[in-house]
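To be precise, the following lines are target-v2.cif, and they hold mmCIF, C-alpha atoms and all ligand atoms.
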data_model
#
loop_
_atom_site.label_atom_id
_atom_site.label_comp_id
_atom_site.auth_asym_id
_atom_site.auth_seq_id
_atom_site.Cartn_x
_atom_site.Cartn_y
_atom_site.Cartn_z
CA MET A 1 52.32 143.95 140.10
CA GLY A 2 55.06 145.01 142.60
CA ILE A 3 58.24 146.58 141.21
CA THR A 4 60.45 143.69 142.43
CA SER A 5 58.36 141.11 140.47
CA LEU A 6 59.12 142.76 137.11
CA LYS A 7 61.00 140.44 134.70
CA PRO A 8 63.33 141.97 132.06
CA SER A 9 60.89 140.71 129.43
CA ASP A 10 58.14 142.83 131.02
CA LEU A 11 60.16 145.96 130.30
CA LYS A 12 60.64 145.28 126.63
CA GLY A 13 58.42 147.52 124.59
CA ASP A 14 58.17 149.75 127.60
CA PRO A 15 54.61 148.79 128.88
CA ARG A 16 54.33 151.12 131.94
CA PRO A 17 53.17 149.05 134.98
CA ALA A 18 51.13 151.30 137.29
CA GLY A 19 53.18 153.90 139.21
CA LEU A 20 56.44 153.38 137.39
CA LEU A 21 57.96 156.50 135.92
CA THR A 22 59.67 157.03 132.61
CA SER A 23 63.06 158.72 132.76
CA GLU A 24 61.43 161.91 131.45
CA GLN A 25 58.86 161.87 134.27
CA ILE A 26 61.44 161.60 137.06
CA PRO A 27 62.38 165.34 137.44
CA SER A 28 58.79 166.55 137.94
CA ALA A 29 58.01 163.60 140.23
CA VAL A 30 61.03 164.45 142.39
CA GLU A 31 60.08 168.11 142.43
CA SER A 32 56.49 167.40 143.44
CA VAL A 33 57.56 165.08 146.26
CA LEU A 34 60.09 167.62 147.58
CA SER A 35 57.62 170.49 147.44
CA SER A 36 54.79 168.54 149.09
CA THR A 37 56.82 166.94 151.90
CA ASP A 38 57.40 168.91 155.10
CA PHE A 39 60.86 168.55 156.60
CA ILE A 40 62.17 168.35 160.15
CA ASP A 41 64.79 171.09 160.64
CA ILE A 42 67.10 169.26 163.05
CA HIS A 43 69.42 172.15 164.01
CA THR A 44 68.53 175.82 164.29
CA HIS A 45 69.13 178.76 166.62
CA LEU A 46 65.45 179.69 166.43
CA PHE A 47 63.20 179.93 169.48
CA ALA A 48 59.48 179.28 169.87
CA PRO A 49 57.48 182.52 170.24
CA GLU A 50 57.07 181.88 173.97
CA PHE A 51 60.78 182.61 174.42
CA GLY A 52 60.07 186.26 173.53
CA LYS A 53 62.87 188.59 172.43
CA ILE A 54 65.63 185.96 172.13
CA GLY A 55 63.78 184.66 169.06
CA LEU A 56 65.03 186.77 166.15
CA TRP A 57 62.86 187.74 163.15
CA GLY A 58 62.21 190.61 160.75
CA ILE A 59 64.26 192.65 158.29
CA ASP A 60 66.76 194.25 160.72
CA GLU A 61 67.69 190.86 162.21
CA LEU A 62 67.87 189.30 158.72
CA LEU A 63 70.29 191.96 157.49
CA THR A 64 72.51 191.91 160.61
CA TYR A 65 72.99 188.13 160.35
CA HIS A 66 76.68 187.39 161.00
CA TYR A 67 77.07 185.86 157.52
CA LEU A 68 76.17 189.33 156.09
CA GLU A 69 78.27 191.19 158.64
CA ALA A 70 81.30 189.21 157.45
CA GLU A 71 80.54 190.26 153.86
CA PHE A 72 79.80 193.86 154.93
CA PHE A 73 83.26 194.39 156.41
CA ARG A 74 84.71 193.39 153.02
CA SER A 75 82.61 195.89 151.09
CA SER A 76 82.48 198.91 153.40
CA PRO A 77 85.09 201.28 154.88
CA THR A 78 83.14 201.14 158.17
CA THR A 79 85.32 199.68 160.93
CA PRO A 80 83.93 197.06 163.32
CA GLU A 81 84.14 199.61 166.14
CA GLN A 82 82.08 202.13 164.13
CA TYR A 83 79.59 199.39 163.16
CA TRP A 84 79.03 198.14 166.73
CA ALA A 85 78.39 201.72 167.85
CA LEU A 86 75.38 201.89 165.51
CA SER A 87 71.82 200.92 166.47
CA LYS A 88 70.48 197.63 165.04
CA ARG A 89 68.39 199.63 162.57
CA ASP A 90 71.37 201.72 161.41
CA GLN A 91 73.50 198.56 161.13
CA ALA A 92 70.82 197.04 158.89
CA ASP A 93 70.67 200.21 156.79
CA ALA A 94 74.47 200.20 156.40
CA ILE A 95 74.48 196.56 155.29
CA TRP A 96 71.59 197.07 152.88
CA HIS A 97 73.37 200.04 151.33
CA ALA A 98 76.78 198.39 151.02
CA LEU A 99 75.70 194.92 149.84
CA PHE A 100 72.34 195.49 148.08
CA VAL A 101 72.57 199.07 146.69
CA GLU A 102 76.27 199.67 146.01
CA ASN A 103 76.89 196.04 144.98
CA SER A 104 74.94 193.16 143.40
CA PRO A 105 73.54 190.79 146.06
CA ILE A 106 74.83 187.63 144.32
CA SER A 107 76.38 185.84 147.33
CA ASP A 108 74.32 183.03 148.88
CA ALA A 109 73.57 185.06 152.01
CA THR A 110 72.55 188.26 150.19
CA ARG A 111 70.46 186.32 147.67
CA GLY A 112 68.71 184.81 150.67
CA ILE A 113 67.46 188.24 151.74
CA ILE A 114 66.15 188.93 148.25
CA ALA A 115 64.31 185.58 148.27
CA VAL A 116 62.65 186.41 151.61
CA LEU A 117 61.54 189.85 150.41
CA LYS A 118 60.18 188.26 147.22
CA ALA A 119 58.36 185.57 149.22
CA PHE A 120 56.40 188.36 150.95
CA ASP A 121 55.94 190.34 147.72
CA LEU A 122 58.15 193.12 149.08
CA PRO A 123 60.32 195.28 146.77
CA THR A 124 63.85 193.89 146.33
CA ASP A 125 65.63 196.81 144.65
CA THR A 126 64.77 199.89 146.73
CA THR A 127 67.41 202.14 148.32
CA ASP A 128 65.69 202.06 151.72
CA LEU A 129 63.88 199.51 153.87
CA ALA A 130 60.68 201.44 154.65
CA ASP A 131 58.30 198.94 152.98
CA ALA A 132 60.00 195.91 154.51
CA ARG A 133 60.03 197.45 157.99
CA ALA A 134 56.34 198.40 157.73
CA PHE A 135 55.48 194.85 156.67
CA PHE A 136 57.33 193.09 159.48
CA GLN A 137 56.11 195.57 162.09
CA ALA A 138 52.56 194.63 161.13
CA GLN A 139 53.10 190.91 161.87
CA THR A 140 52.24 189.13 165.12
CA ILE A 141 54.92 186.59 165.98
CA GLN A 142 52.59 183.64 166.67
CA GLN A 143 50.80 183.89 163.33
CA HIS A 144 53.94 184.92 161.45
CA THR A 145 55.84 181.91 162.78
CA ARG A 146 53.23 179.44 161.52
CA ARG A 147 53.09 181.16 158.15
CA VAL A 148 56.88 181.20 157.72
CA LEU A 149 57.25 177.53 158.65
CA GLN A 150 54.50 176.62 156.22
CA MET A 151 56.16 178.70 153.46
CA ALA A 152 59.46 176.91 154.17
CA GLY A 153 57.86 173.44 154.13
CA VAL A 154 59.10 172.76 157.67
CA SER A 155 56.83 170.94 160.12
CA SER A 156 59.21 170.84 163.12
CA VAL A 157 62.01 173.07 164.30
CA VAL A 158 64.73 171.81 166.61
CA MET A 159 66.18 174.61 168.74
CA THR A 160 69.58 175.01 170.41
CA ASN A 161 69.07 175.42 174.15
CA ASP A 162 71.77 176.38 176.60
CA PRO A 163 70.88 175.40 180.20
CA LEU A 164 73.30 178.07 181.43
CA ASP A 165 71.72 180.87 179.39
CA SER A 166 69.72 183.02 181.81
CA ALA A 167 67.64 184.41 178.92
CA GLU A 168 66.12 180.96 178.37
CA THR A 169 65.72 179.97 182.01
CA PRO A 170 62.31 181.70 182.62
CA VAL A 171 60.60 179.38 180.10
CA TRP A 172 62.25 176.20 181.40
CA MET A 173 61.63 177.08 185.05
CA ASN A 174 57.93 177.88 184.47
CA GLY A 175 56.54 174.69 183.03
CA GLY A 176 58.74 174.40 179.97
CA LEU A 177 58.00 174.44 176.25
CA THR A 178 54.34 174.34 175.14
CA ASP A 179 54.76 175.01 171.40
CA THR A 180 54.47 171.62 169.65
CA GLN A 181 56.27 172.77 166.50
CA PHE A 182 59.48 173.54 168.41
CA HIS A 183 61.71 171.00 170.14
CA ALA A 184 64.60 171.32 172.55
CA VAL A 185 68.22 170.25 172.37
CA LEU A 186 70.50 170.28 175.42
CA ARG A 187 73.52 172.24 174.17
CA LEU A 188 76.54 171.60 176.39
CA ASP A 189 79.30 173.83 174.97
CA ARG A 190 79.80 175.79 178.21
CA ILE A 191 80.19 172.53 180.15
CA LEU A 192 82.26 170.52 177.69
CA TRP A 193 84.82 173.04 176.35
CA GLY A 194 83.81 176.12 178.41
CA TRP A 195 84.28 174.48 181.83
CA PRO A 196 87.13 176.77 183.02
CA LEU A 197 84.89 179.81 182.45
CA HIS A 198 81.52 178.39 183.48
CA TRP A 199 81.86 175.71 186.19
CA GLN A 200 80.85 178.25 188.85
CA LEU A 201 77.47 178.68 187.13
CA LEU A 202 76.73 175.08 188.17
CA VAL A 203 77.83 175.87 191.71
CA SER A 204 75.39 178.80 191.69
CA GLN A 205 72.69 176.27 190.74
CA ASP A 206 73.71 174.13 193.80
CA TYR A 207 75.74 171.51 192.02
CA LYS A 208 78.91 170.54 193.92
CA VAL A 209 81.48 170.72 191.15
CA ASP A 210 84.99 172.13 191.06
CA GLU A 211 87.38 173.73 188.61
CA HIS A 212 89.08 170.44 187.72
CA ALA A 213 85.83 168.46 187.43
CA SER A 214 87.23 166.21 190.18
CA GLY A 215 85.69 164.63 193.28
CA ASN A 216 81.90 164.50 192.95
CA SER A 217 81.91 166.75 189.91
CA ILE A 218 81.09 164.00 187.40
CA SER A 219 78.08 162.70 189.33
CA GLU A 220 76.98 166.29 189.96
CA ILE A 221 77.25 167.06 186.23
CA ARG A 222 75.13 163.99 185.54
CA ARG A 223 72.59 165.26 188.09
CA PHE A 224 72.61 168.65 186.32
CA ILE A 225 72.05 166.96 182.94
CA ALA A 226 69.26 164.79 184.39
CA ASP A 227 67.50 167.84 185.84
CA TRP A 228 67.66 169.67 182.51
CA CYS A 229 66.53 166.58 180.58
CA GLY A 230 63.50 166.60 182.86
CA ARG A 231 62.79 170.26 182.03
CA MET A 232 63.62 170.25 178.30
CA ARG A 233 62.92 166.68 177.18
CA PRO A 234 65.64 167.22 174.60
CA LEU A 235 65.66 165.27 171.31
CA TYR A 236 69.45 165.05 171.62
CA MET A 237 72.44 166.58 173.41
CA ALA A 238 74.91 168.65 171.41
CA VAL A 239 78.25 170.43 171.34
CA SER A 240 80.33 172.28 168.78
CA LEU A 241 84.04 171.53 168.93
CA GLU A 242 87.15 173.14 167.51
CA ASP A 243 89.29 171.60 164.77
CA THR A 244 91.84 170.81 167.52
CA PHE A 245 89.39 168.48 169.32
CA ARG A 246 91.04 165.19 170.23
CA PHE A 247 89.49 162.14 171.91
CA PRO A 248 90.49 160.51 174.12
CA ASP A 249 93.00 162.88 175.74
CA ALA A 250 93.78 164.29 179.17
CA SER A 251 91.46 167.30 178.77
CA ILE A 252 88.44 168.12 180.94
CA THR A 253 86.38 168.02 177.73
CA SER A 254 87.35 164.39 177.12
CA LYS A 255 86.70 163.50 180.79
CA ILE A 256 83.25 165.11 181.00
CA LEU A 257 82.26 163.73 177.59
CA SER A 258 83.17 160.12 178.37
CA GLU A 259 82.28 160.01 182.08
CA ALA A 260 79.19 162.26 182.24
CA VAL A 261 77.64 163.26 178.92
CA LEU A 262 77.76 159.97 176.99
CA PRO A 263 76.51 157.94 179.98
CA SER A 264 73.65 160.46 180.36
CA CYS A 265 72.85 160.10 176.65
CA ARG A 266 72.52 156.36 177.23
CA GLU A 267 70.45 156.91 180.40
CA PHE A 268 67.96 159.13 178.52
CA ASP A 269 68.35 157.18 175.25
CA VAL A 270 69.19 160.27 173.19
CA PRO A 271 71.92 160.80 170.56
CA MET A 272 74.96 163.04 171.01
CA SER A 273 75.51 165.64 168.29
CA LEU A 274 79.10 166.63 167.54
CA MET A 275 79.67 169.64 165.28
CA ILE A 276 83.41 169.69 164.73
CA GLY A 277 85.85 172.02 162.97
CA VAL A 278 85.25 175.60 164.11
CA ARG A 279 88.17 177.90 164.87
CA ARG A 280 86.62 180.27 167.35
CA GLN A 281 87.13 183.99 167.16
CA VAL A 282 90.06 184.20 164.78
CA ASN A 283 88.93 187.84 164.42
CA PRO A 284 87.15 188.85 167.64
CA ALA A 285 86.54 192.39 166.31
CA ILE A 286 83.69 191.11 164.15
CA ARG A 287 82.16 189.02 166.96
CA LEU A 288 79.91 186.11 165.76
CA ALA A 289 81.26 186.66 162.25
CA GLY A 290 84.78 186.16 163.61
CA ASP A 291 84.77 182.33 163.70
CA ALA A 292 86.63 180.36 161.03
CA VAL A 293 87.20 176.73 160.01
CA GLY A 294 89.99 174.17 160.38
CA ILE A 295 90.49 170.57 159.22
CA ALA A 296 89.67 168.26 162.12
CA ASP A 297 91.39 165.00 162.98
CA LEU A 298 88.56 162.47 162.70
CA LEU A 299 90.38 159.86 164.77
CA ALA A 300 88.32 161.35 167.62
CA VAL A 301 85.11 160.36 165.83
CA GLU A 302 86.56 156.89 165.16
CA HIS A 303 87.40 156.39 168.84
CA LEU A 304 84.01 157.67 170.02
CA CYS A 305 82.00 155.46 167.65
CA ARG A 306 84.11 152.37 168.41
CA ASP A 307 84.55 152.85 172.14
CA PHE A 308 80.89 153.84 172.79
CA PRO A 309 78.88 151.42 170.62
CA ALA A 310 75.74 151.96 172.75
CA ASN A 311 75.76 155.68 171.98
CA ARG A 312 74.30 157.14 168.81
CA PHE A 313 76.19 160.05 167.27
CA LEU A 314 74.95 162.83 164.98
CA VAL A 315 78.02 164.34 163.30
CA SER A 316 78.40 167.46 161.15
CA LEU A 317 81.80 168.76 160.06
CA LEU A 318 82.72 172.30 159.12
CA SER A 319 85.66 171.57 156.85
CA ARG A 320 85.17 170.54 153.22
CA GLU A 321 88.27 168.36 153.49
CA ASN A 322 86.71 166.21 156.24
CA GLN A 323 83.51 165.29 154.33
CA HIS A 324 84.80 162.23 152.45
CA GLU A 325 86.30 160.74 155.60
CA LEU A 326 82.99 161.21 157.40
CA CYS A 327 81.20 159.25 154.68
CA VAL A 328 83.74 156.45 155.03
CA TYR A 329 83.40 156.37 158.83
CA ALA A 330 79.61 156.22 158.47
CA ARG A 331 80.10 153.06 156.39
CA LYS A 332 82.11 151.59 159.28
CA PHE A 333 79.96 152.59 162.25
CA SER A 334 76.16 152.15 162.27
CA ASN A 335 75.98 154.35 165.38
CA LEU A 336 77.18 157.32 163.29
CA MET A 337 74.68 159.54 161.43
CA PRO A 338 76.18 162.25 159.23
CA PHE A 339 73.98 165.31 159.04
CA GLY A 340 73.79 168.66 157.34
CA CYS A 341 76.10 170.96 155.42
CA TRP A 342 77.14 173.10 158.36
CA TRP A 343 77.78 176.87 158.20
CA PHE A 344 80.63 177.51 155.67
CA MET A 345 79.53 174.29 153.94
CA ASN A 346 76.05 175.64 153.33
CA ASN A 347 76.63 177.08 149.85
CA GLY A 348 74.91 175.66 146.75
CA SER A 349 77.94 174.24 144.96
CA ILE A 350 79.36 172.61 148.11
CA VAL A 351 75.99 171.28 149.30
CA GLU A 352 75.58 169.62 145.91
CA GLU A 353 79.08 168.10 146.04
CA ILE A 354 78.56 166.70 149.55
CA THR A 355 75.04 165.45 148.91
CA ARG A 356 76.09 163.61 145.73
CA GLU A 357 79.00 161.98 147.54
CA ARG A 358 76.78 160.94 150.45
CA ILE A 359 74.15 159.42 148.14
CA GLU A 360 76.88 157.56 146.25
CA MET A 361 78.42 156.19 149.49
CA LEU A 362 75.49 155.99 151.92
CA GLY A 363 72.34 155.73 149.80
CA THR A 364 69.60 157.38 151.88
CA SER A 365 71.14 156.55 155.30
CA PHE A 366 72.07 160.16 156.20
CA ILE A 367 70.40 163.49 157.00
CA PRO A 368 71.21 165.88 154.13
CA GLN A 369 70.63 169.24 155.73
CA HIS A 370 69.69 171.48 158.62
CA SER A 371 69.14 175.21 158.24
CA ASP A 372 71.16 176.55 161.21
CA ALA A 373 68.73 179.49 160.94
CA ARG A 374 69.32 182.24 163.49
CA VAL A 375 66.51 184.46 162.17
CA LEU A 376 63.04 182.99 161.58
CA GLU A 377 62.52 183.90 157.91
CA GLN A 378 65.88 182.38 156.92
CA VAL A 379 64.20 178.96 156.79
CA ILE A 380 62.35 180.15 153.65
CA TYR A 381 65.44 180.50 151.45
CA LYS A 382 67.66 177.95 153.17
CA TRP A 383 65.12 175.15 152.55
CA ARG A 384 64.19 176.42 149.12
CA ASN A 385 67.87 176.25 148.18
CA MET A 386 68.18 172.75 149.63
CA ARG A 387 65.10 171.50 147.77
CA GLY A 388 66.69 172.83 144.59
CA VAL A 389 69.97 170.98 145.16
CA LEU A 390 68.31 167.79 146.41
CA GLY A 391 66.00 167.83 143.39
CA LYS A 392 68.98 167.84 141.02
CA VAL A 393 70.93 165.19 142.92
CA LEU A 394 67.98 162.81 143.42
CA THR A 395 66.83 163.19 139.81
CA ASP A 396 70.30 162.25 138.55
CA SER A 397 70.45 159.30 140.96
CA TYR A 398 67.05 157.94 139.88
CA ARG A 399 67.86 158.44 136.21
CA MET A 400 71.06 156.48 136.63
CA LEU A 401 69.10 153.74 138.43
CA ASP A 402 66.58 153.67 135.58
CA ALA A 403 69.39 153.44 133.02
CA ASP A 404 70.94 150.62 135.06
CA GLY A 405 67.68 148.68 134.63
CA ARG A 406 65.45 149.39 137.61
CA ARG A 407 62.35 151.53 137.13
CA VAL A 408 61.49 154.10 139.79
CA SER A 409 58.01 154.86 141.17
CA HIS A 410 56.50 157.89 142.85
CA HIS A 411 56.26 155.74 145.98
CA ASP A 412 60.03 155.09 145.92
CA ILE A 413 60.77 158.80 145.74
CA GLN A 414 58.34 159.64 148.55
CA ARG A 415 59.79 156.90 150.78
CA ASP A 416 63.36 158.11 150.15
CA VAL A 417 62.59 161.78 150.76
CA ASN A 418 60.71 160.88 153.94
CA ARG A 419 63.69 158.92 155.11
CA LEU A 420 66.27 161.63 154.30
CA LEU A 421 64.37 164.57 155.82
CA ARG A 422 62.18 162.90 158.48
CA THR A 423 62.46 159.24 159.49
CA ASN A 424 66.26 158.98 159.75
CA PHE A 425 66.05 161.66 162.46
CA GLU A 426 62.90 160.22 164.05
CA LYS A 427 64.53 156.79 164.34
CA TRP A 428 67.79 158.24 165.61
CA THR A 429 66.03 160.23 168.34
CA ARG A 430 63.45 157.52 168.94
CA ARG A 431 60.91 160.33 168.86
CA ARG A 432 58.37 161.57 166.33
CA PRO A 433 58.66 165.37 166.65
CA ASP A 434 55.15 165.79 165.16
O1 LIG A 501 77.80 176.17 166.79
C1 LIG A 501 76.83 176.32 166.05
O2 LIG A 501 75.72 175.80 166.26
C2 LIG A 501 77.01 177.19 164.83
O3 LIG A 501 76.04 176.84 163.91
C3 LIG A 501 76.88 178.64 165.17
O4 LIG A 501 77.69 178.92 166.25
C4 LIG A 501 77.26 179.58 164.03
O5 LIG A 501 77.47 180.87 164.56
C5 LIG A 501 76.22 179.67 162.97
O6 LIG A 501 75.30 180.43 163.07
C6 LIG A 501 76.35 178.84 161.81
O7 LIG A 501 75.54 178.88 160.89
ZN ZN A 502 74.33 176.14 164.74
#

Kindly return the structure encoded in the file as structure tokens.
Ligand code: FIX
Ligand code: ZN
Amino acid sequence: MGITSLKPSDLKGDPRPAGLLTSEQIPSAVESVLSSTDFIDIHTHLFAPEFGKIGLWGIDELLTYHYLEAEFFRSSPTTPEQYWALSKRDQADAIWHALFVENSPISDATRGIIAVLKAFDLPTDTTDLADARAFFQAQTIQQHTRRVLQMAGVSSVVMTNDPLDSAETPVWMNGGLTDTQFHAVLRLDRILWGWPLHWQLLVSQDYKVDEHASGNSISEIRRFIADWCGRMRPLYMAVSLEDTFRFPDASITSKILSEAVLPSCREFDVPMSLMIGVRRQVNPAIRLAGDAVGIADLLAVEHLCRDFPANRFLVSLLSRENQHELCVYARKFSNLMPFGCWWFMNNGSIVEEITRERIEMLGTSFIPQHSDARVLEQVIYKWRNMRGVLGKVLTDSYRMLDADGRRVSHHDIQRDVNRLLRTNFEKWTRRRPD
């Protein structure tokens, strides 16, 4: 008996047709589906082991994560100049001491470190990092990577790849990516908003472009993108944009986006990811930790979705104030896929707020999260936290559905979780990462 064929009379007296859950059974069913389903992590700054040293992992990298550096400068008299003069190891020791010994690690980012140490049965309340360092030094990156991804319940990791980053070039120029658990994204920040600083890098790669992106520049940029699509086979192209981003306007960014990047996305049938709302380097003294947030004008998103109906857009916004508007635009444009709770949005209470709103307005037609992990082991706590929030939000949604008169089955929950954390992305990229 399928769920749709149930008549109200069948439900009287509560005879449980096979597979249907009682309201009491819903929380554990949701939890078991979430814990047994591997996710696709659609945006990270992680690298496959074959990229060598640019892939960050281990306790010193975990502690010197820019989220923790930002918190460190609030809880330590150490100046940024003094901090940058320290070795990575001494920076990590300083952060451990200030945020984990002298203070309670109750912020999301500090709790994340505790969760990683716990996941490897390492002490979480020592004054030094000797045990943790010994543990990570004993790991081999290949094996450790597989183990960490399995612990995080992540089957595929989508990287962030900059074609103008010389540290990555050796892999791409020597046969490309071989690791099947990692996938490439063509990140175009230096071309889209960094053109004034970086156009000569294309010239050095024999592309005939100029400072104003005039003449043959557009067709040369498209040739550049085509060459890198051949090397990377990216799942999508991407850019992060400031809160001041406007489209269309007279800027080089607008010109390159509309005349080169979006046509190339259509040519290679890949989506364009727009991460909008950063205010870069409001405090350069603290480097990566020095970026902030601003409320973006989403008219740009409206114009892009309407004026480029053949393009598919992945959009994530940094400002809390922009989230509702994004949900509304997603109801207007089927070529718009909201994704993730980006950066300053990625805190439990805000993730819950956004995810509830998205379920209420979009059902399961969005991608709830990405980790944005910069250090390998971060995927352990970032996805554990997300499973916790999603568990609460989905349980409430199914209980409300049950109370409204429609019973839920284990199959329903599995289908919905698959869609949210796997098939929405697979369909959007027209690719099955694994
Ligand atoms: O632009 C981005 O992809 C951002 O995620 C990063 O630049 C940012 O520094 C970050 O790590 C956010 O979590
Ligand atoms: Zn990122």

Residues within 8 Å of ligand LIG 501 (chain A), counting only C-alpha atoms and all ligand atoms: report them as a tab-separated table (two decimals) with C-alpha atoms, in the frame of the given file.
chain	number	residue	atom	x	y	z
A	43	HIS	CA	69.42	172.15	164.01
A	44	THR	CA	68.53	175.82	164.29
A	45	HIS	CA	69.13	178.76	166.62
A	66	HIS	CA	76.68	187.39	161.00
A	67	TYR	CA	77.07	185.86	157.52
A	160	THR	CA	69.58	175.01	170.41
A	239	VAL	CA	78.25	170.43	171.34
A	240	SER	CA	80.33	172.28	168.78
A	275	MET	CA	79.67	169.64	165.28
A	278	VAL	CA	85.25	175.60	164.11
A	288	LEU	CA	79.91	186.11	165.76
A	289	ALA	CA	81.26	186.66	162.25
A	291	ASP	CA	84.77	182.33	163.70
A	342	TRP	CA	77.14	173.10	158.36
A	343	TRP	CA	77.78	176.87	158.20
A	344	PHE	CA	80.63	177.51	155.67
A	371	SER	CA	69.14	175.21	158.24
A	372	ASP	CA	71.16	176.55	161.21
A	373	ALA	CA	68.73	179.49	160.94
A	374	ARG	CA	69.32	182.24	163.49

Which residues are close to A:Arg146, i.e. within 12 Å by only C-alpha atoms, leaving aside same-chain residues fewer than 4 positions away? Reply as an mmCIF file with C-alpha atoms, in the frame of the given file.
data_model
loop_
_atom_site.group_PDB
_atom_site.id
_atom_site.type_symbol
_atom_site.label_atom_id
_atom_site.label_comp_id
_atom_site.auth_asym_id
_atom_site.auth_seq_id
_atom_site.Cartn_x
_atom_site.Cartn_y
_atom_site.Cartn_z
ATOM 1 C CA ALA A 48 59.480 179.280 169.870
ATOM 2 C CA PRO A 49 57.480 182.520 170.240
ATOM 3 C CA GLN A 139 53.100 190.910 161.870
ATOM 4 C CA THR A 140 52.240 189.130 165.120
ATOM 5 C CA ILE A 141 54.920 186.590 165.980
ATOM 6 C CA GLN A 142 52.590 183.640 166.670
ATOM 7 C CA GLN A 150 54.500 176.620 156.220
ATOM 8 C CA MET A 151 56.160 178.700 153.460
ATOM 9 C CA ALA A 152 59.460 176.910 154.170
ATOM 10 C CA GLY A 153 57.860 173.440 154.130
ATOM 11 C CA VAL A 154 59.100 172.760 157.670
ATOM 12 C CA SER A 155 56.830 170.940 160.120
ATOM 13 C CA SER A 156 59.210 170.840 163.120
ATOM 14 C CA VAL A 157 62.010 173.070 164.300
ATOM 15 C CA ASP A 179 54.760 175.010 171.400
ATOM 16 C CA THR A 180 54.470 171.620 169.650
ATOM 17 C CA GLN A 181 56.270 172.770 166.500
ATOM 18 C CA PHE A 182 59.480 173.540 168.410
ATOM 19 C CA LEU A 376 63.040 182.990 161.580
ATOM 20 C CA GLU A 377 62.520 183.900 157.910
ATOM 21 C CA VAL A 379 64.200 178.960 156.790
#

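Comparing the minimum interatomic distances between ligand ZN 502 (chain A) and each of A:Ala109, A:Met337, A:Val185, A:Ala250, counting all atoms listed in the file, we find that A:Val185 sits nearest.
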
Show me a table, sorted first by chain and then by increasing residue number, of the residues of stretch 101-198 of chain A having an atom at most 10 Å from stretch 241-244 of chain A, each with its shortest atom pair and the distance in Å to one decimal, counting all atoms listed in the file and written as a tab-separated table.
residue	atom	partner	partner_atom	distance
A:Asp189	CA	A:Leu241	CA	8.0
A:Leu192	CA	A:Leu241	CA	9.0
A:Trp193	CA	A:Leu241	CA	7.6

At most 10 Å from (75.3, 160.7, 179.2), file frame, all atoms listed in the file: which residues, as a count of residues only? 23

Within 12 Å of (83.4, 153.2, 171.6) in the file's own coordinates, which protein, DNA or RNA residues have an atom, counting all atoms listed in the file? List them as a compact mmCIF listing (two decimals) with C-alpha atoms, in the frame of the given file.
# COMPACT_ATOMS: atom_id res chain seq x y z
CA PHE A 247 89.49 162.14 171.91
CA PRO A 248 90.49 160.51 174.12
CA SER A 258 83.17 160.12 178.37
CA LEU A 262 77.76 159.97 176.99
CA PRO A 263 76.51 157.94 179.98
CA LEU A 299 90.38 159.86 164.77
CA ALA A 300 88.32 161.35 167.62
CA VAL A 301 85.11 160.36 165.83
CA GLU A 302 86.56 156.89 165.16
CA HIS A 303 87.40 156.39 168.84
CA LEU A 304 84.01 157.67 170.02
CA CYS A 305 82.00 155.46 167.65
CA ARG A 306 84.11 152.37 168.41
CA ASP A 307 84.55 152.85 172.14
CA PHE A 308 80.89 153.84 172.79
CA PRO A 309 78.88 151.42 170.62
CA ALA A 310 75.74 151.96 172.75
CA ASN A 311 75.76 155.68 171.98
CA ARG A 312 74.30 157.14 168.81
CA PHE A 313 76.19 160.05 167.27
CA PHE A 333 79.96 152.59 162.25
CA SER A 334 76.16 152.15 162.27
CA ASN A 335 75.98 154.35 165.38
CA LEU A 336 77.18 157.32 163.29

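Between atom CA of A:Leu318 and atom CA of A:Val33 there is a distance of 29.2 Å.
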